[in-house]
$ cat upload20.cif   # mmCIF, C-alpha atoms
data_final
loop_
_atom_site.group_PDB
_atom_site.id
_atom_site.type_symbol
_atom_site.label_atom_id
_atom_site.label_comp_id
_atom_site.auth_asym_id
_atom_site.auth_seq_id
_atom_site.Cartn_x
_atom_site.Cartn_y
_atom_site.Cartn_z
ATOM 1 C CA GLY B 28 -9.003 62.791 164.234
ATOM 2 C CA GLU B 29 -5.889 62.713 162.145
ATOM 3 C CA VAL B 30 -2.559 61.682 163.616
ATOM 4 C CA TYR B 31 0.371 63.650 162.312
ATOM 5 C CA ILE B 32 3.958 62.484 162.125
ATOM 6 C CA GLN B 33 6.100 64.242 164.693
ATOM 7 C CA ARG B 34 9.129 65.667 162.923
ATOM 8 C CA GLY B 35 11.636 66.739 165.548
ATOM 9 C CA HIS B 36 11.588 69.133 168.486
ATOM 10 C CA PRO B 37 9.277 72.085 167.788
ATOM 11 C CA ARG B 38 11.746 74.571 169.282
ATOM 12 C CA ALA B 39 14.717 73.379 167.251
ATOM 13 C CA ARG B 40 16.143 76.225 165.163
ATOM 14 C CA ARG B 41 18.909 76.531 162.628
ATOM 15 C CA ALA B 42 21.555 79.223 162.920
ATOM 16 C CA ARG B 43 20.178 82.646 162.058
ATOM 17 C CA PRO B 44 21.309 83.703 158.560
ATOM 18 C CA GLU B 45 22.829 87.087 157.824
ATOM 19 C CA ARG B 46 20.475 89.895 156.935
ATOM 20 C CA ALA B 47 19.306 89.624 153.350
ATOM 21 C CA SER B 48 20.758 92.192 150.973
ATOM 22 C CA SER B 49 17.466 92.778 149.191
ATOM 23 C CA PRO B 50 15.630 95.875 150.465
ATOM 24 C CA THR B 51 12.317 94.005 150.131
ATOM 25 C CA MET B 52 13.357 91.147 152.434
ATOM 26 C CA GLY B 53 13.941 91.224 156.154
ATOM 27 C CA THR B 54 16.008 88.829 158.208
ATOM 28 C CA MET B 55 14.800 85.256 157.729
ATOM 29 C CA ASN B 56 14.800 82.615 160.447
ATOM 30 C CA LEU B 57 13.784 79.366 158.757
ATOM 31 C CA SER B 58 13.350 76.157 160.723
ATOM 32 C CA PHE B 59 13.082 72.667 159.273
ATOM 33 C CA PRO B 60 12.387 69.832 161.741
ATOM 34 C CA GLU B 61 14.449 66.690 161.464
ATOM 35 C CA ARG B 62 13.030 64.001 159.225
ATOM 36 C CA ILE B 63 12.379 60.495 160.490
ATOM 37 C CA ARG B 64 14.753 57.899 159.027
ATOM 38 C CA VAL B 65 12.991 54.987 157.307
ATOM 39 C CA ASP B 66 14.184 52.000 155.327
ATOM 40 C CA ALA B 67 11.962 52.797 152.334
ATOM 41 C CA ILE B 68 9.052 54.783 150.996
ATOM 42 C CA ILE B 69 6.474 52.591 149.232
ATOM 43 C CA GLN B 70 4.206 54.480 146.848
ATOM 44 C CA ALA B 71 0.990 53.267 145.193
ATOM 45 C CA ALA B 72 -1.510 55.277 143.168
ATOM 46 C CA MET B 73 -4.826 53.802 144.375
ATOM 47 C CA ASP B 74 -6.317 52.628 147.661
ATOM 48 C CA MET B 75 -6.747 49.168 146.158
ATOM 49 C CA GLU B 76 -3.020 48.985 145.407
ATOM 50 C CA ALA B 77 -1.934 50.229 148.830
ATOM 51 C CA ALA B 78 -4.418 48.048 150.752
ATOM 52 C CA PRO B 79 -2.386 44.815 151.042
ATOM 53 C CA LEU B 80 0.586 46.821 152.331
ATOM 54 C CA LEU B 81 -1.460 48.900 154.768
ATOM 55 C CA HIS B 82 -3.173 45.777 156.119
ATOM 56 C CA ALA B 83 0.253 44.321 156.953
ATOM 57 C CA LEU B 84 1.641 47.562 158.399
ATOM 58 C CA ALA B 85 2.376 47.364 162.135
ATOM 59 C CA PRO B 86 2.810 50.260 164.576
ATOM 60 C CA ILE B 87 6.286 51.342 165.605
ATOM 61 C CA GLY B 88 7.408 50.582 169.147
ATOM 62 C CA ASP B 89 4.675 51.076 171.736
ATOM 63 C CA ASP B 90 2.321 52.900 169.398
ATOM 64 C CA GLU B 91 -1.152 51.396 169.163
ATOM 65 C CA THR B 92 -1.570 52.070 165.446
ATOM 66 C CA PRO B 93 0.642 53.244 162.575
ATOM 67 C CA HIS B 94 0.851 57.040 162.247
ATOM 68 C CA ALA B 95 -1.208 58.443 159.369
ATOM 69 C CA VAL B 96 -1.348 61.764 157.561
ATOM 70 C CA LEU B 97 -3.942 62.920 155.037
ATOM 71 C CA ALA B 98 -2.370 65.602 152.868
ATOM 72 C CA GLY B 99 -3.680 68.345 150.633
ATOM 73 C CA THR B 100 -6.788 70.496 150.837
ATOM 74 C CA HIS B 101 -8.920 67.687 149.444
ATOM 75 C CA LYS B 102 -7.228 64.998 151.570
ATOM 76 C CA THR B 103 -6.484 62.942 148.469
ATOM 77 C CA GLN B 104 -3.076 61.627 149.536
ATOM 78 C CA ARG B 105 -2.361 59.307 152.471
ATOM 79 C CA TYR B 106 0.950 58.778 154.259
ATOM 80 C CA ALA B 107 1.159 55.916 156.772
ATOM 81 C CA LEU B 108 4.262 55.327 158.885
ATOM 82 C CA GLY B 109 4.849 51.929 160.445
ATOM 83 C CA GLU B 110 6.796 48.680 160.318
ATOM 84 C CA LEU B 111 6.517 46.112 157.545
ATOM 85 C CA ASP B 112 8.289 42.811 158.222
ATOM 86 C CA GLY B 113 10.722 44.533 160.553
ATOM 87 C CA LYS B 114 11.470 47.453 158.208
ATOM 88 C CA THR B 115 10.377 51.000 158.965
ATOM 89 C CA VAL B 116 8.450 52.287 155.952
ATOM 90 C CA LEU B 117 6.221 55.128 154.844
ATOM 91 C CA VAL B 118 3.361 53.813 152.689
ATOM 92 C CA VAL B 119 2.075 56.524 150.337
ATOM 93 C CA THR B 120 -1.200 56.534 148.404
ATOM 94 C CA SER B 121 -0.623 59.241 145.812
ATOM 95 C CA GLY B 122 -3.654 59.371 143.568
ATOM 96 C CA ILE B 123 -3.564 58.608 139.853
ATOM 97 C CA GLY B 124 -1.462 60.497 137.321
ATOM 98 C CA LEU B 125 1.900 62.169 136.889
ATOM 99 C CA ALA B 126 1.185 65.307 138.910
ATOM 100 C CA ASN B 127 -0.201 63.328 141.844
ATOM 101 C CA ALA B 128 2.772 60.965 141.780
ATOM 102 C CA ALA B 129 5.344 63.760 141.716
ATOM 103 C CA SER B 130 3.688 65.784 144.479
ATOM 104 C CA ALA B 131 3.247 62.704 146.674
ATOM 105 C CA THR B 132 6.893 61.698 146.347
ATOM 106 C CA ALA B 133 8.051 65.236 147.076
ATOM 107 C CA ARG B 134 5.819 65.422 150.158
ATOM 108 C CA ALA B 135 7.001 62.027 151.354
ATOM 109 C CA LEU B 136 10.628 63.114 151.120
ATOM 110 C CA THR B 137 9.888 66.123 153.313
ATOM 111 C CA LEU B 138 8.318 63.845 155.951
ATOM 112 C CA VAL B 139 10.995 61.159 156.069
ATOM 113 C CA ASP B 140 14.608 60.482 155.162
ATOM 114 C CA ALA B 141 14.589 57.437 152.881
ATOM 115 C CA PRO B 142 17.312 55.793 150.774
ATOM 116 C CA ILE B 143 14.828 54.382 148.236
ATOM 117 C CA VAL B 144 11.286 54.869 146.929
ATOM 118 C CA ILE B 145 9.508 51.716 145.723
ATOM 119 C CA ALA B 146 6.550 51.932 143.332
ATOM 120 C CA ALA B 147 3.860 49.350 144.066
ATOM 121 C CA GLY B 148 0.533 48.423 142.502
ATOM 122 C CA THR B 149 -0.529 47.488 138.985
ATOM 123 C CA THR B 150 0.707 48.243 135.494
ATOM 124 C CA GLY B 151 -0.178 47.599 131.887
ATOM 125 C CA GLY B 152 1.943 44.993 130.139
ATOM 126 C CA LEU B 153 3.670 46.553 127.121
ATOM 127 C CA ALA B 154 6.209 43.903 126.078
ATOM 128 C CA ARG B 155 4.772 41.375 123.643
ATOM 129 C CA ASP B 156 5.831 38.401 125.775
ATOM 130 C CA ILE B 157 4.854 39.674 129.229
ATOM 131 C CA ASN B 158 1.828 38.129 130.942
ATOM 132 C CA VAL B 159 -0.775 39.195 133.479
ATOM 133 C CA GLY B 160 0.403 38.486 137.005
ATOM 134 C CA ASP B 161 4.079 38.991 136.134
ATOM 135 C CA ILE B 162 6.097 41.466 138.188
ATOM 136 C CA ALA B 163 7.189 44.176 135.753
ATOM 137 C CA VAL B 164 10.217 45.575 137.545
ATOM 138 C CA GLY B 165 10.932 49.088 136.346
ATOM 139 C CA THR B 166 14.637 49.925 136.444
ATOM 140 C CA THR B 167 14.357 52.744 133.906
ATOM 141 C CA ALA B 168 11.469 55.144 133.365
ATOM 142 C CA ILE B 169 10.625 57.563 130.565
ATOM 143 C CA TYR B 170 7.711 59.837 129.658
ATOM 144 C CA GLY B 171 5.559 58.361 126.920
ATOM 145 C CA GLN B 172 4.199 61.636 125.539
ATOM 146 C CA ALA B 173 7.060 64.099 126.048
ATOM 147 C CA ASP B 174 8.155 65.280 122.606
ATOM 148 C CA ALA B 175 10.736 68.049 122.266
ATOM 149 C CA THR B 176 12.452 66.389 119.305
ATOM 150 C CA ALA B 177 12.068 69.604 117.313
ATOM 151 C CA PHE B 178 14.678 71.102 119.645
ATOM 152 C CA GLY B 179 17.081 68.182 119.471
ATOM 153 C CA TYR B 180 15.886 66.213 122.477
ATOM 154 C CA ALA B 181 15.191 62.486 122.455
ATOM 155 C CA MET B 182 11.626 61.187 122.334
ATOM 156 C CA GLY B 183 10.341 61.004 125.887
ATOM 157 C CA GLN B 184 12.881 63.514 127.213
ATOM 158 C CA VAL B 185 11.723 66.622 129.064
ATOM 159 C CA PRO B 186 13.924 69.578 128.019
ATOM 160 C CA GLN B 187 16.988 70.051 130.241
ATOM 161 C CA MET B 188 16.249 66.773 132.033
ATOM 162 C CA PRO B 189 17.800 63.309 131.480
ATOM 163 C CA ILE B 190 16.471 61.169 128.643
ATOM 164 C CA ASP B 191 15.232 58.672 131.215
ATOM 165 C CA TYR B 192 15.657 57.856 134.904
ATOM 166 C CA THR B 193 17.567 54.775 136.047
ATOM 167 C CA SER B 194 17.686 52.815 139.297
ATOM 168 C CA SER B 195 21.088 52.372 140.919
ATOM 169 C CA GLU B 196 23.259 49.335 140.301
ATOM 170 C CA ALA B 197 22.659 48.243 143.893
ATOM 171 C CA ALA B 198 18.869 48.421 143.452
ATOM 172 C CA VAL B 199 19.092 46.341 140.276
ATOM 173 C CA ALA B 200 21.524 43.809 141.784
ATOM 174 C CA ARG B 201 18.983 42.836 144.466
ATOM 175 C CA LEU B 202 16.637 41.594 141.743
ATOM 176 C CA ALA B 203 18.788 38.498 141.200
ATOM 177 C CA GLN B 204 17.399 37.057 144.451
ATOM 178 C CA LEU B 205 13.787 38.150 143.975
ATOM 179 C CA PRO B 206 12.588 35.125 141.903
ATOM 180 C CA GLU B 207 13.696 32.835 144.749
ATOM 181 C CA LEU B 208 11.462 34.684 147.226
ATOM 182 C CA ILE B 209 8.163 34.920 145.322
ATOM 183 C CA ALA B 210 6.133 32.595 143.098
ATOM 184 C CA HIS B 211 5.607 35.100 140.272
ATOM 185 C CA THR B 212 7.625 35.668 137.109
ATOM 186 C CA VAL B 213 9.940 38.672 137.431
ATOM 187 C CA ARG B 214 10.704 40.804 134.367
ATOM 188 C CA ALA B 215 13.003 43.829 134.540
ATOM 189 C CA GLY B 216 13.158 46.660 132.029
ATOM 190 C CA GLY B 217 11.807 50.064 131.125
ATOM 191 C CA ILE B 218 8.514 51.661 132.152
ATOM 192 C CA VAL B 219 6.706 54.252 130.030
ATOM 193 C CA SER B 220 4.556 56.752 131.948
ATOM 194 C CA SER B 221 1.999 59.177 130.581
ATOM 195 C CA ASP B 222 -1.364 60.734 131.376
ATOM 196 C CA SER B 223 -3.098 58.576 128.765
ATOM 197 C CA PHE B 224 -3.891 54.883 129.014
ATOM 198 C CA CYS B 225 -1.949 52.625 126.675
ATOM 199 C CA THR B 226 -4.521 50.462 124.909
ATOM 200 C CA GLU B 227 -4.739 48.149 121.932
ATOM 201 C CA ALA B 228 -5.586 51.215 119.831
ATOM 202 C CA ASN B 229 -2.316 53.041 120.511
ATOM 203 C CA VAL B 230 0.064 50.308 121.645
ATOM 204 C CA GLY B 231 1.697 50.045 118.203
ATOM 205 C CA PRO B 232 3.213 53.549 118.159
ATOM 206 C CA MET B 233 4.194 53.211 121.828
ATOM 207 C CA ARG B 234 6.096 49.994 121.165
ATOM 208 C CA GLU B 235 7.735 51.560 118.121
ATOM 209 C CA ARG B 236 8.926 54.594 120.096
ATOM 210 C CA PHE B 237 10.029 52.581 123.141
ATOM 211 C CA PRO B 238 10.893 49.062 121.932
ATOM 212 C CA ASP B 239 12.613 48.043 125.195
ATOM 213 C CA ALA B 240 9.751 49.021 127.519
ATOM 214 C CA ILE B 241 7.974 46.221 129.371
ATOM 215 C CA GLY B 242 5.198 48.173 131.123
ATOM 216 C CA ALA B 243 3.077 51.305 130.870
ATOM 217 C CA ASP B 244 1.563 53.296 133.731
ATOM 218 C CA MET B 245 0.622 56.834 134.749
ATOM 219 C CA GLU B 246 2.975 57.511 137.663
ATOM 220 C CA THR B 247 6.392 55.839 137.779
ATOM 221 C CA CYS B 248 8.445 58.259 135.689
ATOM 222 C CA ALA B 249 7.207 61.290 137.627
ATOM 223 C CA MET B 250 8.116 59.537 140.877
ATOM 224 C CA ALA B 251 11.521 58.633 139.461
ATOM 225 C CA GLN B 252 12.189 62.199 138.333
ATOM 226 C CA VAL B 253 11.571 63.542 141.846
ATOM 227 C CA CYS B 254 13.853 60.824 143.230
ATOM 228 C CA TRP B 255 16.539 61.777 140.724
ATOM 229 C CA SER B 256 16.303 65.453 141.644
ATOM 230 C CA SER B 257 16.548 64.505 145.343
ATOM 231 C CA SER B 258 19.418 62.004 144.906
ATOM 232 C CA VAL B 259 17.217 59.186 146.229
ATOM 233 C CA ASP B 260 17.186 55.704 144.703
ATOM 234 C CA TRP B 261 13.999 54.153 143.287
ATOM 235 C CA ILE B 262 12.605 50.991 141.732
ATOM 236 C CA SER B 263 9.164 49.918 140.506
ATOM 237 C CA LEU B 264 7.682 46.548 141.529
ATOM 238 C CA ARG B 265 4.250 46.601 139.916
ATOM 239 C CA ALA B 266 2.290 43.560 138.785
ATOM 240 C CA VAL B 267 0.750 43.366 135.318
ATOM 241 C CA SER B 268 -3.045 43.549 135.537
ATOM 242 C CA ASP B 269 -3.794 44.157 131.842
ATOM 243 C CA LEU B 270 -2.016 43.702 128.540
ATOM 244 C CA CYS B 271 -1.858 46.766 126.321
ATOM 245 C CA GLY B 272 -1.900 44.703 123.137
ATOM 246 C CA PRO B 273 -2.422 40.986 123.789
ATOM 247 C CA SER B 274 -1.866 38.302 121.189
ATOM 248 C CA ALA B 275 -4.636 35.853 120.391
ATOM 249 C CA ASP B 276 -3.381 33.185 122.826
ATOM 250 C CA GLN B 277 -2.825 35.459 125.829
ATOM 251 C CA ALA B 278 -5.080 36.145 128.789
ATOM 252 C CA PHE B 279 -5.335 39.921 128.838
ATOM 253 C CA HIS B 280 -6.787 40.806 132.258
ATOM 254 C CA MET B 281 -6.293 39.971 135.929
ATOM 255 C CA ASP B 282 -8.423 41.283 138.801
ATOM 256 C CA GLY B 283 -6.786 44.445 140.103
ATOM 257 C CA GLN B 284 -6.863 43.362 143.741
ATOM 258 C CA ARG B 285 -5.181 40.093 142.866
ATOM 259 C CA ALA B 286 -2.483 41.869 140.860
ATOM 260 C CA ALA B 287 -1.971 44.341 143.720
ATOM 261 C CA GLY B 288 -1.421 41.343 145.974
ATOM 262 C CA HIS B 289 1.288 40.046 143.638
ATOM 263 C CA SER B 290 2.977 43.438 143.772
ATOM 264 C CA ALA B 291 2.779 43.571 147.583
ATOM 265 C CA GLU B 292 4.464 40.163 147.773
ATOM 266 C CA ALA B 293 7.281 41.436 145.557
ATOM 267 C CA VAL B 294 7.666 44.627 147.598
ATOM 268 C CA ARG B 295 7.853 42.745 150.887
ATOM 269 C CA ALA B 296 10.389 40.321 149.424
ATOM 270 C CA TYR B 297 12.476 43.203 148.090
ATOM 271 C CA LEU B 298 12.403 44.899 151.519
ATOM 272 C CA SER B 299 14.019 41.800 152.994
ATOM 273 C CA LEU B 300 16.977 42.384 150.656
ATOM 274 C CA LEU B 301 17.653 45.965 151.793
#
$ encode --input "upload20.cif" --output "structure tokens"
Amino acid sequence: GEVYIQRGHPRARRARPERASSPTMGTMNLSFPERIRVDAIIQAAMDMEAAPLLHALAPIGDDETPHAVLAGTHKTQRYALGELDGKTVLVVTSGIGLANAASATARALTLVDAPIVIAAGTTGGLARDINVGDIAVGTTAIYGQADATAFGYAMGQVPQMPIDYTSSEAAVARLAQLPELIAHTVRAGGIVSSDSFCTEANVGPMRERFPDAIGADMETCAMAQVCWSSSVDWISLRAVSDLCGPSADQAFHMDGQRAAGHSAEAVRAYLSLL
């Protein structure tokens, strides 16, 4: 059967609020169990991307196995709580796409209290000089297809939201030590997220709209927006598995499992810096 994360004493109650003034509402007595404190939430979209992290995840304390939760009616999201290299983490498998990413991050933040959410897995290489296998560190994220420019908003900006979402200075400062801890090239910059794949057919307009972006995926910006709204830090440590528009002398594809392994190495190294 499924093992659910225990979230505080079941009889714990908050102070009873005053009677609601609305005639259609009675007195409410809401109870929210305490969240478990972790060092980080690590979120990947696919099982393949989460696998190298889950394989290394150890149980906490005297537990025999890490705690696991399957969420949603269709059980499409997985939340696994355990220890990774001495850090307590919640490893999330969200499913592909913006809606899945946002809902998974929101659910994770109701399960645990985390100072940072780390995106793991694979990404498309958008910068002209990025290569497969590189770690494309996302420190800013923007929506690739949001267009409310007719109302005065910037390209990529959702109305009434920030233009983009940015990792904290502390999260970015840790990157200075990352190249010393892993054997892969580390590139930091912007990530463009949308519900459409960025391919050789449409990479030109994407690069024109977002000239500073280094990677393209389908989840990071939605994750970052939920983090922003929750005042939680974030960073993306995905490895490039494909190039959106390779030049003639570039290898354009790396096996997804191998790229996911590169990302997992970067995530574990970054955890050591927290």
$ atom_distance --input "upload20.cif" --atom1 "atom CA of Val267 of chain B" --atom2 "atom CA of Gly217 of chain B"
13.6 Å
$ residues_around --input "upload20.cif" --residues "Cys248 of chain B" --least-positions-apart "6" --cutoff "8 Å" --atoms "all atoms listed in the file" --output "MDAnalysis selection string"
chainID B and resid 125 168:170 192 218:220
$ closest_residue --input "upload20.cif" --among "B:Arg234, B:Arg295, B:Arg105, B:His94" --to "Ile145 of chain B" --atoms "all atoms listed in the file"
B:Arg295
$ atom_distance --input "upload20.cif" --atom1 "atom CA of Ala83 of chain B" --atom2 "atom CA of Val164 of chain B"
21.9 Å
$ resolve_selection --input "upload20.cif" --expression "the PyMOL selection byres ((chain B and resi 208) around 9)" --output "PDB file with C-alpha atoms, in the coordinates of the input"
ATOM      1  CA  GLN B 204      17.399  37.057 144.451  1.00  0.00           C
ATOM      2  CA  LEU B 205      13.787  38.150 143.975  1.00  0.00           C
ATOM      3  CA  PRO B 206      12.588  35.125 141.903  1.00  0.00           C
ATOM      4  CA  GLU B 207      13.696  32.835 144.749  1.00  0.00           C
ATOM      5  CA  ILE B 209       8.163  34.920 145.322  1.00  0.00           C
ATOM      6  CA  ALA B 210       6.133  32.595 143.098  1.00  0.00           C
ATOM      7  CA  GLU B 292       4.464  40.163 147.773  1.00  0.00           C
ATOM      8  CA  ALA B 293       7.281  41.436 145.557  1.00  0.00           C
ATOM      9  CA  ALA B 296      10.389  40.321 149.424  1.00  0.00           C
ATOM     10  CA  TYR B 297      12.476  43.203 148.090  1.00  0.00           C
TER      11      TYR B 297
END
$ resolve_selection --input "upload20.cif" --expression "the PyMOL selection byres ((chain B and resi 129-143) around 7)" --output "VMD selection string"
chain B and resid 62 to 68 121 125 to 128 144 to 145 249 to 250 253 259 to 261
$ axis_aligned_box --input "upload20.cif" --around "segment 258-272 of chain B" --padding-each-side "4 Å" --output "lines of an AutoDock Vina configuration file"
center_x = 7.8
center_y = 52.7
center_z = 134.7
size_x = 31.2
size_y = 26.6
size_z = 31.1
$ closest_residue --input "upload20.cif" --among "B:Ala173, B:Thr149, B:Cys254, B:Ser223" --to "Ser195 of chain B" --atoms "only C-alpha atoms"
B:Cys254
$ resolve_selection --input "upload20.cif" --expression "the PyMOL selection byres ((chain B and resi 73) around 7)" --output "PyMOL selection string"
chain B and resi 71-72+74-77+120+122-123
$ build_atoms --input "upload20.cif" --residues "segment 185-207 of chain B" --atoms "N, CA, C and O atoms" --output "PDB file, in the frame of the given file"
ATOM      1  N   VAL B 185      12.140  65.269 128.709  1.00  0.00           N
ATOM      2  CA  VAL B 185      11.723  66.622 129.064  1.00  0.00           C
ATOM      3  C   VAL B 185      12.929  67.538 128.882  1.00  0.00           C
ATOM      4  O   VAL B 185      14.036  67.194 129.308  1.00  0.00           O
ATOM      5  N   PRO B 186      12.786  68.686 128.235  1.00  0.00           N
ATOM      6  CA  PRO B 186      13.924  69.578 128.019  1.00  0.00           C
ATOM      7  C   PRO B 186      14.704  69.864 129.295  1.00  0.00           C
ATOM      8  O   PRO B 186      14.131  70.092 130.358  1.00  0.00           O
ATOM      9  N   GLN B 187      16.027  69.784 129.170  1.00  0.00           N
ATOM     10  CA  GLN B 187      16.988  70.051 130.241  1.00  0.00           C
ATOM     11  C   GLN B 187      16.972  68.987 131.340  1.00  0.00           C
ATOM     12  O   GLN B 187      17.608  69.155 132.378  1.00  0.00           O
ATOM     13  N   MET B 188      16.258  67.900 131.112  1.00  0.00           N
ATOM     14  CA  MET B 188      16.249  66.773 132.033  1.00  0.00           C
ATOM     15  C   MET B 188      16.913  65.564 131.354  1.00  0.00           C
ATOM     16  O   MET B 188      17.134  65.566 130.150  1.00  0.00           O
ATOM     17  N   PRO B 189      17.242  64.512 132.113  1.00  0.00           N
ATOM     18  CA  PRO B 189      17.800  63.309 131.480  1.00  0.00           C
ATOM     19  C   PRO B 189      16.821  62.685 130.489  1.00  0.00           C
ATOM     20  O   PRO B 189      15.611  62.931 130.560  1.00  0.00           O
ATOM     21  N   ILE B 190      17.346  61.870 129.589  1.00  0.00           N
ATOM     22  CA  ILE B 190      16.471  61.169 128.643  1.00  0.00           C
ATOM     23  C   ILE B 190      15.516  60.259 129.406  1.00  0.00           C
ATOM     24  O   ILE B 190      14.317  60.210 129.129  1.00  0.00           O
ATOM     25  N   ASP B 191      16.059  59.518 130.357  1.00  0.00           N
ATOM     26  CA  ASP B 191      15.232  58.672 131.215  1.00  0.00           C
ATOM     27  C   ASP B 191      15.852  58.650 132.608  1.00  0.00           C
ATOM     28  O   ASP B 191      16.866  59.292 132.859  1.00  0.00           O
ATOM     29  N   TYR B 192      15.221  57.914 133.514  1.00  0.00           N
ATOM     30  CA  TYR B 192      15.657  57.856 134.904  1.00  0.00           C
ATOM     31  C   TYR B 192      15.932  56.399 135.241  1.00  0.00           C
ATOM     32  O   TYR B 192      15.133  55.514 134.906  1.00  0.00           O
ATOM     33  N   THR B 193      17.079  56.138 135.870  1.00  0.00           N
ATOM     34  CA  THR B 193      17.567  54.775 136.047  1.00  0.00           C
ATOM     35  C   THR B 193      17.807  54.463 137.515  1.00  0.00           C
ATOM     36  O   THR B 193      18.373  55.279 138.252  1.00  0.00           O
ATOM     37  N   SER B 194      17.393  53.279 137.946  1.00  0.00           N
ATOM     38  CA  SER B 194      17.686  52.815 139.297  1.00  0.00           C
ATOM     39  C   SER B 194      19.186  52.560 139.447  1.00  0.00           C
ATOM     40  O   SER B 194      19.896  52.321 138.464  1.00  0.00           O
ATOM     41  N   SER B 195      19.661  52.587 140.669  1.00  0.00           N
ATOM     42  CA  SER B 195      21.088  52.372 140.919  1.00  0.00           C
ATOM     43  C   SER B 195      21.476  50.924 140.638  1.00  0.00           C
ATOM     44  O   SER B 195      20.627  50.025 140.581  1.00  0.00           O
ATOM     45  N   GLU B 196      22.769  50.694 140.504  1.00  0.00           N
ATOM     46  CA  GLU B 196      23.259  49.335 140.301  1.00  0.00           C
ATOM     47  C   GLU B 196      22.919  48.453 141.495  1.00  0.00           C
ATOM     48  O   GLU B 196      22.613  47.268 141.332  1.00  0.00           O
ATOM     49  N   ALA B 197      22.977  49.025 142.694  1.00  0.00           N
ATOM     50  CA  ALA B 197      22.659  48.243 143.893  1.00  0.00           C
ATOM     51  C   ALA B 197      21.198  47.826 143.896  1.00  0.00           C
ATOM     52  O   ALA B 197      20.861  46.686 144.260  1.00  0.00           O
ATOM     53  N   ALA B 198      20.297  48.745 143.490  1.00  0.00           N
ATOM     54  CA  ALA B 198      18.869  48.421 143.452  1.00  0.00           C
ATOM     55  C   ALA B 198      18.598  47.312 142.450  1.00  0.00           C
ATOM     56  O   ALA B 198      17.776  46.421 142.702  1.00  0.00           O
ATOM     57  N   VAL B 199      19.284  47.357 141.316  1.00  0.00           N
ATOM     58  CA  VAL B 199      19.092  46.341 140.276  1.00  0.00           C
ATOM     59  C   VAL B 199      19.696  45.008 140.708  1.00  0.00           C
ATOM     60  O   VAL B 199      19.122  43.938 140.452  1.00  0.00           O
ATOM     61  N   ALA B 200      20.839  45.039 141.388  1.00  0.00           N
ATOM     62  CA  ALA B 200      21.524  43.809 141.784  1.00  0.00           C
ATOM     63  C   ALA B 200      20.669  42.960 142.719  1.00  0.00           C
ATOM     64  O   ALA B 200      20.738  41.721 142.688  1.00  0.00           O
ATOM     65  N   ARG B 201      19.838  43.590 143.540  1.00  0.00           N
ATOM     66  CA  ARG B 201      18.983  42.836 144.466  1.00  0.00           C
ATOM     67  C   ARG B 201      17.968  41.967 143.724  1.00  0.00           C
ATOM     68  O   ARG B 201      17.462  40.987 144.278  1.00  0.00           O
ATOM     69  N   LEU B 202      17.660  42.324 142.495  1.00  0.00           N
ATOM     70  CA  LEU B 202      16.637  41.594 141.743  1.00  0.00           C
ATOM     71  C   LEU B 202      17.041  40.157 141.462  1.00  0.00           C
ATOM     72  O   LEU B 202      16.172  39.314 141.213  1.00  0.00           O
ATOM     73  N   ALA B 203      18.333  39.858 141.485  1.00  0.00           N
ATOM     74  CA  ALA B 203      18.788  38.498 141.200  1.00  0.00           C
ATOM     75  C   ALA B 203      18.209  37.496 142.192  1.00  0.00           C
ATOM     76  O   ALA B 203      17.998  36.325 141.855  1.00  0.00           O
ATOM     77  N   GLN B 204      17.931  37.949 143.421  1.00  0.00           N
ATOM     78  CA  GLN B 204      17.399  37.057 144.451  1.00  0.00           C
ATOM     79  C   GLN B 204      15.869  37.054 144.518  1.00  0.00           C
ATOM     80  O   GLN B 204      15.283  36.182 145.162  1.00  0.00           O
ATOM     81  N   LEU B 205      15.233  38.006 143.845  1.00  0.00           N
ATOM     82  CA  LEU B 205      13.787  38.150 143.975  1.00  0.00           C
ATOM     83  C   LEU B 205      13.013  36.925 143.491  1.00  0.00           C
ATOM     84  O   LEU B 205      12.049  36.505 144.150  1.00  0.00           O
ATOM     85  N   PRO B 206      13.358  36.293 142.359  1.00  0.00           N
ATOM     86  CA  PRO B 206      12.588  35.125 141.903  1.00  0.00           C
ATOM     87  C   PRO B 206      12.616  33.962 142.890  1.00  0.00           C
ATOM     88  O   PRO B 206      11.729  33.106 142.852  1.00  0.00           O
ATOM     89  N   GLU B 207      13.618  33.915 143.766  1.00  0.00           N
ATOM     90  CA  GLU B 207      13.696  32.835 144.749  1.00  0.00           C
ATOM     91  C   GLU B 207      12.744  33.068 145.919  1.00  0.00           C
ATOM     92  O   GLU B 207      12.448  32.140 146.677  1.00  0.00           O
TER      93      GLU B 207
END
